[in-house]
>>> print(open('final37.txt').read())   # compact mmCIF, C-alpha atoms
# COMPACT_ATOMS: atom_id res chain seq x y z
CA MET R 1 0.00 0.00 0.00
CA LYS R 2 2.82 2.37 0.89
CA TRP R 3 4.58 1.53 -2.38
CA LEU R 4 1.39 2.41 -4.29
CA MET R 5 1.13 5.79 -2.55
CA VAL R 6 4.77 6.60 -3.35
CA CYS R 7 4.26 5.71 -7.03
CA SER R 8 1.11 7.83 -7.20
CA PHE R 9 2.93 10.80 -5.68
CA LEU R 10 5.85 10.50 -8.11
CA LEU R 11 3.43 10.22 -11.03
CA PHE R 12 1.66 13.38 -9.89
CA ILE R 13 4.96 15.28 -9.64
CA GLY R 14 5.95 14.08 -13.10
CA ILE R 15 2.67 15.28 -14.61
CA MET R 16 3.00 18.71 -12.95
CA LEU R 17 6.57 19.17 -14.15
CA SER R 18 5.67 18.23 -17.71
CA SER R 19 2.53 20.42 -17.73
CA PRO R 20 2.71 23.73 -19.64
CA VAL R 21 1.16 25.48 -16.59
CA GLY R 22 4.17 24.63 -14.46
CA LYS R 23 6.73 25.26 -17.17
CA PRO R 24 9.08 28.09 -16.13
CA LEU R 25 9.98 31.00 -18.37
CA ASN R 26 13.40 32.57 -18.59
CA LEU R 27 13.56 36.16 -17.36
CA GLU R 28 14.75 37.41 -20.73
CA ASP R 29 11.62 35.94 -22.34
CA VAL R 30 9.20 37.91 -20.12
CA SER R 31 8.04 41.52 -20.34
CA PHE R 32 6.52 42.69 -17.05
CA SER R 33 3.51 45.01 -17.28
CA LEU R 34 4.01 47.56 -14.51
CA VAL R 35 1.04 49.70 -15.54
CA ILE R 36 -2.18 48.56 -17.18
CA GLY R 37 -4.42 51.24 -18.66
CA MET R 38 -7.93 51.06 -20.09
CA ASP R 39 -9.83 53.86 -21.82
CA LEU R 40 -12.25 54.78 -24.60
CA ASP R 41 -11.25 56.93 -27.58
CA ASP R 42 -13.39 59.62 -29.22
CA GLU R 43 -15.26 56.96 -31.20
CA ASN R 44 -15.88 54.80 -28.08
CA ASN R 45 -13.38 52.15 -29.13
CA LEU R 46 -11.52 50.38 -26.33
CA ILE R 47 -7.86 51.30 -25.94
CA PHE R 48 -5.45 49.32 -23.78
CA TYR R 49 -2.06 50.50 -22.56
CA THR R 50 0.79 48.87 -20.77
CA THR R 51 4.31 49.84 -19.79
CA SER R 52 7.30 47.56 -19.53
CA PRO R 53 10.78 48.37 -18.19
CA VAL R 54 13.66 48.10 -20.65
CA PHE R 55 17.08 47.70 -19.04
CA LYS R 56 20.21 48.92 -20.79
CA PRO R 57 23.92 48.46 -20.15
CA GLY R 58 25.20 50.73 -17.43
CA GLY R 59 22.13 50.34 -15.20
CA GLU R 60 19.99 52.73 -17.24
CA GLN R 61 16.29 51.97 -17.50
CA GLU R 62 13.60 53.10 -19.89
CA ASN R 63 9.86 52.67 -19.67
CA LYS R 64 8.42 51.48 -22.97
CA VAL R 65 4.74 52.24 -23.59
CA PHE R 66 2.51 49.99 -25.70
CA LYS R 67 -0.92 50.94 -27.01
CA VAL R 68 -3.39 48.66 -28.80
CA ASN R 69 -7.05 48.53 -29.77
CA ALA R 70 -8.78 45.33 -28.67
CA LYS R 71 -12.16 43.98 -27.60
CA THR R 72 -11.00 42.48 -24.30
CA LEU R 73 -8.09 42.70 -21.91
CA ARG R 74 -7.13 39.12 -22.78
CA GLN R 75 -7.02 40.00 -26.47
CA SER R 76 -4.94 43.08 -25.73
CA ARG R 77 -2.33 40.88 -24.05
CA GLU R 78 -1.98 38.89 -27.24
CA GLU R 79 -1.50 42.14 -29.15
CA PHE R 80 1.16 43.24 -26.68
CA ASP R 81 2.95 39.91 -27.07
CA SER R 82 3.18 40.46 -30.81
CA ARG R 83 4.81 43.87 -30.27
CA GLY R 84 7.13 43.21 -27.36
CA THR R 85 10.38 41.31 -27.00
CA GLY R 86 8.87 38.79 -24.59
CA LEU R 87 5.61 37.40 -23.27
CA PHE R 88 3.76 40.03 -21.25
CA SER R 89 2.98 39.16 -17.64
CA SER R 90 0.75 41.13 -15.26
CA SER R 91 2.16 39.43 -12.16
CA LYS R 92 4.19 42.55 -11.26
CA ALA R 93 1.55 45.17 -12.10
CA GLN R 94 1.69 48.18 -9.78
CA VAL R 95 -1.21 50.29 -11.04
CA LEU R 96 -4.44 49.81 -12.99
CA LEU R 97 -5.47 53.07 -14.66
CA LEU R 98 -9.08 53.64 -15.70
CA GLY R 99 -10.26 56.50 -17.86
CA GLN R 100 -13.26 58.42 -16.54
CA LYS R 101 -15.01 58.05 -19.88
CA LEU R 102 -14.73 54.27 -19.55
CA LEU R 103 -16.29 54.35 -16.07
CA GLU R 104 -19.38 56.08 -17.45
CA ASN R 105 -20.26 52.70 -19.00
CA PRO R 106 -21.63 50.43 -16.21
CA ARG R 107 -20.30 47.29 -17.94
CA TRP R 108 -16.64 48.29 -17.70
CA PHE R 109 -15.98 46.01 -14.70
CA SER R 110 -16.47 42.88 -16.83
CA LEU R 111 -13.35 43.87 -18.79
CA ILE R 112 -11.03 43.18 -15.84
CA ASP R 113 -12.57 39.82 -14.95
CA VAL R 114 -9.56 38.10 -16.52
CA LEU R 115 -7.29 39.64 -13.88
CA TYR R 116 -9.25 37.85 -11.16
CA LYS R 117 -9.43 34.51 -12.95
CA ASP R 118 -5.80 34.33 -14.11
CA PHE R 119 -3.82 32.81 -11.23
CA LYS R 120 -0.62 34.38 -12.62
CA SER R 121 -2.00 37.91 -12.11
CA THR R 122 -1.70 39.91 -8.91
CA VAL R 123 -4.60 41.44 -6.99
CA ASN R 124 -2.45 44.15 -5.37
CA PRO R 125 -2.21 46.92 -8.01
CA ARG R 126 -3.67 50.30 -7.03
CA ILE R 127 -6.86 51.26 -8.86
CA VAL R 128 -6.73 54.85 -10.13
CA VAL R 129 -9.17 56.96 -12.12
CA ILE R 130 -7.69 59.45 -14.59
CA ASP R 131 -9.53 62.76 -15.03
CA GLY R 132 -8.33 63.11 -18.60
CA PRO R 133 -7.14 60.79 -21.37
CA ILE R 134 -4.86 58.02 -20.12
CA SER R 135 -2.47 58.78 -22.96
CA ASN R 136 -1.36 61.88 -21.03
CA ILE R 137 -0.08 59.93 -18.07
CA MET R 138 1.33 57.02 -20.07
CA ASN R 139 3.70 59.40 -21.81
CA THR R 140 4.59 61.41 -18.68
CA VAL R 141 8.15 60.71 -17.61
CA THR R 142 10.12 63.68 -16.29
CA GLU R 143 13.55 64.14 -14.79
CA ASN R 144 12.00 64.82 -11.38
CA GLN R 145 9.83 61.70 -11.33
CA PRO R 146 10.60 57.99 -11.60
CA ILE R 147 8.89 55.82 -14.17
CA ASN R 148 5.18 56.47 -14.01
CA SER R 149 4.21 53.16 -12.37
CA MET R 150 6.21 53.96 -9.25
CA ALA R 151 5.26 57.65 -9.36
CA VAL R 152 1.53 56.95 -9.35
CA LYS R 153 1.81 54.20 -6.74
CA SER R 154 3.84 56.48 -4.48
CA ILE R 155 1.39 59.37 -4.89
CA ILE R 156 -1.55 57.18 -3.90
CA ASP R 157 0.19 55.55 -0.93
CA THR R 158 1.63 58.74 0.58
CA SER R 159 -1.58 60.72 -0.01
CA ASN R 160 -3.55 57.98 1.72
CA LEU R 161 -1.25 58.22 4.74
CA ARG R 162 -2.19 61.92 4.98
CA GLY R 163 -5.87 61.09 4.52
CA GLU R 164 -6.21 62.83 1.15
CA THR R 165 -7.54 59.89 -0.87
CA VAL R 166 -8.74 56.34 -0.52
CA LYS R 167 -6.40 53.45 -1.38
CA VAL R 168 -8.14 50.65 -3.26
CA THR R 169 -6.43 47.56 -4.66
CA LEU R 170 -7.82 45.18 -7.26
CA GLN R 171 -8.84 42.80 -4.47
CA GLU R 172 -10.58 45.54 -2.45
CA LEU R 173 -12.40 46.77 -5.57
CA HIS R 174 -13.88 43.28 -6.04
CA ARG R 175 -15.28 43.39 -2.52
CA GLN R 176 -16.77 46.85 -2.99
CA MET R 177 -18.36 45.94 -6.30
CA PHE R 178 -20.16 42.85 -5.00
CA ASP R 179 -21.05 43.90 -1.45
CA LYS R 180 -24.51 45.50 -1.48
CA GLY R 181 -23.76 47.26 1.81
CA LEU R 182 -21.52 49.91 0.23
CA THR R 183 -20.59 51.55 -3.07
CA PRO R 184 -17.06 51.76 -4.54
CA SER R 185 -14.64 54.63 -4.07
CA ILE R 186 -11.39 54.91 -6.03
CA SER R 187 -8.34 57.22 -6.03
CA SER R 188 -8.37 59.97 -8.62
CA ILE R 189 -5.52 61.87 -10.29
CA SER R 190 -5.28 64.46 -13.04
CA THR R 191 -2.66 64.76 -15.74
CA GLY R 192 -1.20 67.99 -16.97
CA ASN R 193 2.40 69.09 -16.79
CA ASP R 194 2.73 66.77 -13.77
CA ILE R 195 0.85 63.90 -12.20
CA ALA R 196 -1.31 65.35 -9.40
CA LEU R 197 -3.78 63.89 -6.94
CA THR R 198 -7.29 65.38 -7.08
CA GLY R 199 -9.05 63.29 -4.44
CA SER R 200 -11.38 60.34 -4.92
CA THR R 201 -13.97 59.13 -7.43
CA LEU R 202 -17.28 57.63 -6.30
CA LEU R 203 -19.14 54.95 -8.27
CA ASP R 204 -22.78 53.95 -7.93
CA GLU R 205 -24.07 50.48 -7.03
CA ARG R 206 -23.60 49.33 -10.65
CA GLY R 207 -20.00 50.53 -10.69
CA LYS R 208 -20.78 53.50 -12.94
CA TYR R 209 -19.08 56.87 -12.46
CA SER R 210 -21.14 59.17 -10.24
CA THR R 211 -19.14 62.06 -8.79
CA LYS R 212 -15.78 63.19 -7.40
CA LEU R 213 -14.56 64.17 -3.96
CA ASN R 214 -11.84 66.74 -3.41
CA LYS R 215 -9.03 66.17 -0.93
CA LEU R 216 -10.95 67.55 2.07
CA GLU R 217 -14.04 65.50 1.26
CA SER R 218 -11.85 62.42 0.80
CA CYS R 219 -10.31 63.06 4.21
CA LEU R 220 -13.74 63.31 5.85
CA LEU R 221 -14.87 60.13 4.06
CA LEU R 222 -11.89 58.19 5.44
CA MET R 223 -12.76 59.42 8.94
CA LEU R 224 -16.35 58.24 8.55
CA GLN R 225 -15.03 54.88 7.32
CA GLY R 226 -13.05 54.60 10.54
CA LYS R 227 -9.60 54.51 8.94
CA LYS R 228 -6.77 54.92 11.46
CA LEU R 229 -4.56 57.53 9.78
CA ASP R 230 -2.74 60.77 10.60
CA TYR R 231 -4.93 63.27 8.81
CA SER R 232 -4.00 66.63 7.34
CA LEU R 233 -7.01 68.92 6.90
CA ASP R 234 -7.36 72.29 5.22
CA THR R 235 -10.93 73.38 5.84
CA PRO R 236 -12.44 76.69 4.66
CA ILE R 237 -14.07 78.78 7.35
CA HIS R 238 -17.45 80.34 6.72
CA LYS R 239 -16.68 83.95 7.65
CA GLU R 240 -16.03 86.64 5.08
CA GLN R 241 -12.90 88.74 5.44
CA LYS R 242 -13.60 92.41 4.63
CA ASN R 243 -11.22 95.29 4.02
CA ASN R 244 -8.24 93.00 4.02
CA SER R 245 -5.92 92.72 1.04
CA ILE R 246 -4.64 89.35 2.29
CA LYS R 247 -7.64 87.14 2.90
CA SER R 248 -6.84 83.94 4.70
CA SER R 249 -9.95 81.81 5.05
CA ILE R 250 -8.36 78.39 5.58
CA LEU R 251 -8.02 76.61 8.90
CA SER R 252 -5.27 73.97 8.72
CA MET R 253 -4.74 71.20 11.24
CA ASN R 254 -3.24 67.78 11.74
CA ALA R 255 -5.59 65.25 13.32
CA ASN R 256 -4.71 61.95 14.96
CA ASN R 257 -6.29 59.38 17.25
CA VAL R 258 -9.49 59.73 15.23
CA LYS R 259 -12.27 57.50 16.56
CA THR R 260 -15.58 56.87 14.80
CA LYS R 261 -18.65 55.25 16.32
CA VAL R 262 -21.85 54.51 14.40
CA ASN R 263 -25.19 53.93 16.12
CA THR R 264 -27.83 52.33 13.89
CA GLN R 265 -31.59 52.43 14.44
CA TYR R 266 -34.78 51.85 12.48
CA ILE R 267 -37.67 54.04 13.61
CA ASN R 268 -41.00 54.74 11.89
CA GLY R 269 -39.95 53.15 8.61
CA GLN R 270 -36.64 55.03 8.41
CA PHE R 271 -33.02 54.12 9.08
CA LYS R 272 -31.26 56.44 11.50
CA PHE R 273 -27.47 56.68 11.77
CA ASN R 274 -25.80 58.70 14.50
CA ILE R 275 -22.08 58.97 13.75
CA GLY R 276 -19.73 60.30 16.39
CA VAL R 277 -16.26 61.44 15.33
CA SER R 278 -13.70 62.41 17.97
CA MET R 279 -10.10 63.49 17.40
CA TYR R 280 -7.09 65.34 18.73
CA VAL R 281 -5.80 68.15 16.50
CA MET R 282 -2.76 70.33 16.20
CA LEU R 283 -3.55 73.64 14.55
CA THR R 284 -0.91 74.54 11.95
CA ASP R 285 -2.46 77.59 10.25
CA ILE R 286 -5.00 79.86 11.93
CA PRO R 287 -6.91 82.52 9.93
CA PRO R 288 -7.05 86.14 11.17
CA SER R 289 -10.63 85.76 12.44
CA TYR R 290 -9.34 83.20 14.96
CA GLU R 291 -6.42 85.27 16.27
CA SER R 292 -8.54 86.98 18.91
CA ILE R 293 -9.64 83.65 20.38
CA THR R 294 -7.48 82.83 23.38
CA SER R 295 -9.78 80.39 25.16
CA ILE R 296 -9.11 76.76 24.18
CA PRO R 297 -12.74 75.65 24.79
CA LYS R 298 -14.02 78.43 22.52
CA LEU R 299 -11.45 77.55 19.88
CA GLU R 300 -12.50 73.89 20.03
CA ASP R 301 -16.14 74.92 19.69
CA ASN R 302 -15.35 76.92 16.51
CA VAL R 303 -13.36 74.07 14.99
CA ASN R 304 -16.22 71.68 15.81
CA LYS R 305 -18.67 73.91 13.99
CA GLU R 306 -16.49 74.22 10.88
CA LEU R 307 -15.93 70.47 10.62
CA GLN R 308 -19.61 69.83 11.35
CA LEU R 309 -20.56 71.91 8.30
CA GLN R 310 -18.11 70.01 6.11
CA PHE R 311 -19.40 66.62 7.28
CA GLU R 312 -23.01 67.68 6.66
CA HIS R 313 -22.13 68.86 3.15
CA LEU R 314 -20.50 65.49 2.37
CA ILE R 315 -23.48 63.53 3.72
CA LYS R 316 -25.92 65.55 1.59
CA LYS R 317 -23.73 65.03 -1.46
CA ILE R 318 -23.67 61.24 -1.23
CA GLN R 319 -27.33 60.94 -0.19
CA LYS R 320 -28.45 63.00 -3.15
CA ARG R 321 -26.70 60.56 -5.50
CA LYS R 322 -27.82 57.44 -3.58
CA LEU R 323 -24.23 56.48 -2.77
CA ASP R 324 -22.81 54.70 0.27
CA PRO R 325 -18.99 54.94 0.19
CA ILE R 326 -19.04 55.05 4.02
CA GLY R 327 -20.47 51.54 4.21
CA LEU R 328 -23.51 52.38 6.36
CA GLY R 329 -25.26 49.43 4.72
CA LEU R 330 -22.80 47.17 6.56
CA TYR R 331 -24.01 48.59 9.89
CA ALA R 332 -27.66 48.28 8.83
CA ARG R 333 -27.08 44.66 7.85
CA ALA R 334 -25.34 43.91 11.16
CA TYR R 335 -27.70 45.68 13.59
CA GLN R 336 -31.03 45.98 11.72
CA ASN R 337 -30.84 42.94 9.49
CA ASN R 338 -34.58 42.26 9.20
CA GLU R 339 -35.26 45.77 7.88
CA TYR R 340 -32.12 45.80 5.75
CA GLU R 341 -33.12 42.60 3.95
CA LYS R 342 -36.30 44.33 2.78
CA VAL R 343 -34.41 47.15 1.03
CA LYS R 344 -30.98 45.69 0.20
CA SER R 345 -31.83 45.44 -3.51
CA ASP R 346 -32.33 49.23 -3.55
CA TRP R 347 -30.14 50.30 -0.67
CA GLY R 348 -29.22 53.59 -2.36
CA GLU R 349 -32.82 54.81 -2.20
CA ALA R 350 -33.18 53.67 1.42
CA LEU R 351 -29.99 55.55 2.33
CA LYS R 352 -31.26 58.68 0.56
CA GLN R 353 -34.31 58.63 2.82
CA ALA R 354 -32.27 57.82 5.94
CA ASP R 355 -31.62 60.27 8.77
CA ILE R 356 -27.83 60.62 9.10
CA LYS R 357 -26.39 62.81 11.84
CA VAL R 358 -22.69 63.47 12.47
CA SER R 359 -21.41 64.89 15.75
CA VAL R 360 -17.82 66.10 16.04
CA ASN R 361 -15.73 66.28 19.20
CA VAL R 362 -12.38 68.01 18.69
CA LYS R 363 -9.70 68.40 21.36
CA VAL R 364 -6.95 70.90 20.55
CA LYS R 365 -3.58 69.55 21.68
CA THR R 366 -1.48 72.52 20.58
CA MET R 367 -1.70 75.71 18.54
CA GLY R 368 1.82 75.39 17.19
CA ALA R 369 5.33 76.04 18.47
CA VAL R 370 4.92 79.84 18.36
CA LYS R 371 1.77 81.55 19.58
>>> encode(input="final37.txt", output="C-alpha cells")
Amino acid sequence: MKWLMVCSFLLFIGIMLSSPVGKPLNLEDVSFSLVIGMDLDDENNLIFYTTSPVFKPGGEQENKVFKVNAKTLRQSREEFDSRGTGLFSSSKAQVLLLGQKLLENPRWFSLIDVLYKDFKSTVNPRIVVIDGPISNIMNTVTENQPINSMAVKSIIDTSNLRGETVKVTLQELHRQMFDKGLTPSISSISTGNDIALTGSTLLDERGKYSTKLNKLESCLLLMLQGKKLDYSLDTPIHKEQKNNSIKSSILSMNANNVKTKVNTQYINGQFKFNIGVSMYVMLTDIPPSYESITSIPKLEDNVNKELQLQFEHLIKKIQKRKLDPIGLGLYARAYQNNEYEKVKSDWGEALKQADIKVSVNVKVKTMGAVK
C-alpha cells in the first residue's frame, strides 16, 4: 500500500513538471507590465495600454509604452505579445489606470474579470481613475519623477497616509463591487504638466461613475469609514474677510487618534445613523478671524462647527446621488438585518431617505510652536 502511494505521488509530480502550466519561463523571455491602462477613444473604441521596463547596459532603464485597440483585456495581451520582446505578464503590475469616460459605462468592470481569474496575475495593483485621457499619463516621464508606475503608486500611498484619498487595490475593488452594503470609491488623479492627486472618485451600485470628492471630502470620508490615519485637513471657514488685502480663510490642522462610532436604528420606517467622530488636533495655520480667540474651549467649539458643516455637506452630497462609500449598509445589515433585507436590492434609495447625523468632538492639543 505504501509503495502504491509513493508511485502515485511520483506520477503526480511528473505530470506537474511536464505540464505547460508549471513550465518556467526565462527572465529574458518575459516583459513585465508595470502599468495597465484602459480607456475609450473619441469613437468609443476600447484602448489598452501597458508599460514595460527596458534595461540597458550601465544600469539605465527606460519605460516602454505599448498601445493597442482590442475587444478584451485578454485579447490586448496577445497584441502586446506580438509587439514586445517577450511574453507580457501582469504578475508585477503596480497600477491599474481607468479613464473616466470608460467608467461612465456600467459594464466596464467585466473587462477586468480576466485579472481575477488568471492565477498568474496579482490582486495588489492600485486602482486609479484618470480625469483626462490616459495617454497623457502614459507618456509622462520627467527628470524629477521615476517611471510612471512607481510615481503613481507612491502618490496614492503617501496621499492615503495623509488622509487625502482612498487606497483601493484590485482585491478591495472586487469586494466593494459585490457587497450591497456599500458603493465603490477609487483614487483619482489628473494629468497635466505633472501627475497630481485630485481626491477620490465615487461609483454607484452598478459601478458607474457618479461624482468626485476633493481632498478635504476624501479626508472626511476616510474618517467616517473609521480609517486609522494621521490626517492633514485644510478646511475653509465660513466667515467673510472684509477690508483685508490678504484674505486667509483656511483653517489647517493635523488630526490623529481619530475614533468613529456609528449607532444604527430603524424608527418609523426610516433608518437612523448617529455617527460620532472624535479626534485630537494640532492647529498649523490659523486665519485672522481666529487670532482673537485665546480660550481653548471656545477655539474647540469653533473648529467643531467648521468640521460639522463640512461633514453635513458630504453627507448631503452622497445621499443626493444614492451612494454609500461610508459603508452604512454594513451597519444596517449587522444591527437591523430584518429591515435591511427588505431594502438591500435598492439600498441607495433607502440611504437617501435615511436620517444621518454626524457629531464632532475636537480636542486641541497645541496651537503650534509659536503663539
>>> residues_around(input="final37.txt", residues="region 44-48 of chain R", least_positions_apart="6", cutoff="6 Å", atoms="only C-alpha atoms", output="PyMOL selection string")
chain R and resi 37-38+67-69
>>> residues_around(input="final37.txt", residues="Ser52 (chain R)", least_positions_apart="6", cutoff="7 Å", atoms="only C-alpha atoms", output="PyMOL selection string")
chain R and resi 31-34+63-65
>>> closest_residue(input="final37.txt", among="R:Ser295, R:Pro325, R:Lys316, R:Gly276", to="Asn361 (chain R)", atoms="all atoms listed in the file")
R:Gly276
>>> residues_around(input="final37.txt", residues="Lys259 (chain R)", least_positions_apart="2", cutoff="12 Å", atoms="all atoms listed in the file", output="PyMOL selection string")
chain R and resi 222-230+255-257+261-262+275-280+359-362
>>> closest_residue(input="final37.txt", among="R:Ser185, R:Gln353, R:Asn254, R:Ser218", to="Tyr266 (chain R)", atoms="all atoms listed in the file")
R:Gln353
>>> atom_distance(input="final37.txt", atom1="CA of Leu309 (chain R)", atom2="CA of Lys365 (chain R)")
21.7 Å
>>> atom_distance(input="final37.txt", atom1="CA of Ser91 (chain R)", atom2="CA of Val35 (chain R)")
10.9 Å
>>> atom_distance(input="final37.txt", atom1="CA of Lys92 (chain R)", atom2="CA of Thr122 (chain R)")
6.9 Å
>>> decode(input="final37.txt", residues="region 110-134 of chain R", atoms="N, CA and C atoms", output="PDB file, in the first residue's frame")
ATOM      1  N   SER R 110     -16.621  44.206 -16.223  1.00  0.00           N
ATOM      2  CA  SER R 110     -16.470  42.881 -16.825  1.00  0.00           C
ATOM      3  C   SER R 110     -15.164  42.761 -17.610  1.00  0.00           C
ATOM      4  N   LEU R 111     -14.585  43.894 -18.010  1.00  0.00           N
ATOM      5  CA  LEU R 111     -13.350  43.872 -18.789  1.00  0.00           C
ATOM      6  C   LEU R 111     -12.164  43.370 -17.974  1.00  0.00           C
ATOM      7  N   ILE R 112     -12.179  43.574 -16.659  1.00  0.00           N
ATOM      8  CA  ILE R 112     -11.029  43.180 -15.845  1.00  0.00           C
ATOM      9  C   ILE R 112     -11.256  41.842 -15.147  1.00  0.00           C
ATOM     10  N   ASP R 113     -12.302  41.122 -15.547  1.00  0.00           N
ATOM     11  CA  ASP R 113     -12.567  39.818 -14.948  1.00  0.00           C
ATOM     12  C   ASP R 113     -11.406  38.855 -15.140  1.00  0.00           C
ATOM     13  N   VAL R 114     -10.688  38.990 -16.245  1.00  0.00           N
ATOM     14  CA  VAL R 114      -9.564  38.097 -16.519  1.00  0.00           C
ATOM     15  C   VAL R 114      -8.460  38.245 -15.480  1.00  0.00           C
ATOM     16  N   LEU R 115      -8.314  39.429 -14.892  1.00  0.00           N
ATOM     17  CA  LEU R 115      -7.291  39.644 -13.877  1.00  0.00           C
ATOM     18  C   LEU R 115      -7.599  38.862 -12.601  1.00  0.00           C
ATOM     19  N   TYR R 116      -8.873  38.629 -12.335  1.00  0.00           N
ATOM     20  CA  TYR R 116      -9.252  37.852 -11.156  1.00  0.00           C
ATOM     21  C   TYR R 116      -9.148  36.345 -11.414  1.00  0.00           C
ATOM     22  N   LYS R 117      -9.405  35.943 -12.640  1.00  0.00           N
ATOM     23  CA  LYS R 117      -9.430  34.514 -12.948  1.00  0.00           C
ATOM     24  C   LYS R 117      -8.050  33.944 -13.292  1.00  0.00           C
ATOM     25  N   ASP R 118      -7.137  34.795 -13.748  1.00  0.00           N
ATOM     26  CA  ASP R 118      -5.796  34.333 -14.108  1.00  0.00           C
ATOM     27  C   ASP R 118      -4.946  34.234 -12.846  1.00  0.00           C
ATOM     28  N   PHE R 119      -4.562  33.003 -12.474  1.00  0.00           N
ATOM     29  CA  PHE R 119      -3.821  32.814 -11.228  1.00  0.00           C
ATOM     30  C   PHE R 119      -2.429  33.433 -11.291  1.00  0.00           C
ATOM     31  N   LYS R 120      -1.941  33.777 -12.491  1.00  0.00           N
ATOM     32  CA  LYS R 120      -0.620  34.383 -12.618  1.00  0.00           C
ATOM     33  C   LYS R 120      -0.660  35.892 -12.379  1.00  0.00           C
ATOM     34  N   SER R 121      -1.864  36.469 -12.345  1.00  0.00           N
ATOM     35  CA  SER R 121      -1.997  37.908 -12.114  1.00  0.00           C
ATOM     36  C   SER R 121      -1.918  38.211 -10.624  1.00  0.00           C
ATOM     37  N   THR R 122      -1.722  39.467 -10.302  1.00  0.00           N
ATOM     38  CA  THR R 122      -1.699  39.912  -8.915  1.00  0.00           C
ATOM     39  C   THR R 122      -2.954  40.722  -8.619  1.00  0.00           C
ATOM     40  N   VAL R 123      -3.418  40.673  -7.373  1.00  0.00           N
ATOM     41  CA  VAL R 123      -4.600  41.437  -6.985  1.00  0.00           C
ATOM     42  C   VAL R 123      -4.216  42.652  -6.146  1.00  0.00           C
ATOM     43  N   ASN R 124      -2.938  43.048  -6.191  1.00  0.00           N
ATOM     44  CA  ASN R 124      -2.452  44.151  -5.365  1.00  0.00           C
ATOM     45  C   ASN R 124      -2.268  45.492  -6.077  1.00  0.00           C
ATOM     46  N   PRO R 125      -2.417  45.607  -7.400  1.00  0.00           N
ATOM     47  CA  PRO R 125      -2.213  46.922  -8.011  1.00  0.00           C
ATOM     48  C   PRO R 125      -3.228  47.948  -7.529  1.00  0.00           C
ATOM     49  N   ARG R 126      -2.781  49.209  -7.421  1.00  0.00           N
ATOM     50  CA  ARG R 126      -3.667  50.301  -7.026  1.00  0.00           C
ATOM     51  C   ARG R 126      -4.618  50.618  -8.182  1.00  0.00           C
ATOM     52  N   ILE R 127      -5.869  50.871  -7.856  1.00  0.00           N
ATOM     53  CA  ILE R 127      -6.863  51.259  -8.864  1.00  0.00           C
ATOM     54  C   ILE R 127      -6.955  52.777  -8.866  1.00  0.00           C
ATOM     55  N   VAL R 128      -6.775  53.395 -10.028  1.00  0.00           N
ATOM     56  CA  VAL R 128      -6.726  54.849 -10.129  1.00  0.00           C
ATOM     57  C   VAL R 128      -7.574  55.310 -11.309  1.00  0.00           C
ATOM     58  N   VAL R 129      -8.379  56.341 -11.060  1.00  0.00           N
ATOM     59  CA  VAL R 129      -9.172  56.956 -12.120  1.00  0.00           C
ATOM     60  C   VAL R 129      -8.429  58.183 -12.639  1.00  0.00           C
ATOM     61  N   ILE R 130      -8.355  58.311 -13.953  1.00  0.00           N
ATOM     62  CA  ILE R 130      -7.691  59.446 -14.592  1.00  0.00           C
ATOM     63  C   ILE R 130      -8.744  60.452 -15.049  1.00  0.00           C
ATOM     64  N   ASP R 131      -8.567  61.720 -14.662  1.00  0.00           N
ATOM     65  CA  ASP R 131      -9.531  62.757 -15.028  1.00  0.00           C
ATOM     66  C   ASP R 131      -9.543  63.054 -16.517  1.00  0.00           C
ATOM     67  N   GLY R 132      -8.418  62.856 -17.168  1.00  0.00           N
ATOM     68  CA  GLY R 132      -8.334  63.112 -18.604  1.00  0.00           C
ATOM     69  C   GLY R 132      -7.972  61.843 -19.343  1.00  0.00           C
ATOM     70  N   PRO R 133      -7.559  61.971 -20.597  1.00  0.00           N
ATOM     71  CA  PRO R 133      -7.143  60.789 -21.367  1.00  0.00           C
ATOM     72  C   PRO R 133      -5.950  60.094 -20.723  1.00  0.00           C
ATOM     73  N   ILE R 134      -5.962  58.778 -20.716  1.00  0.00           N
ATOM     74  CA  ILE R 134      -4.861  58.016 -20.122  1.00  0.00           C
ATOM     75  C   ILE R 134      -3.565  58.233 -20.892  1.00  0.00           C
TER      76      ILE R 134
END
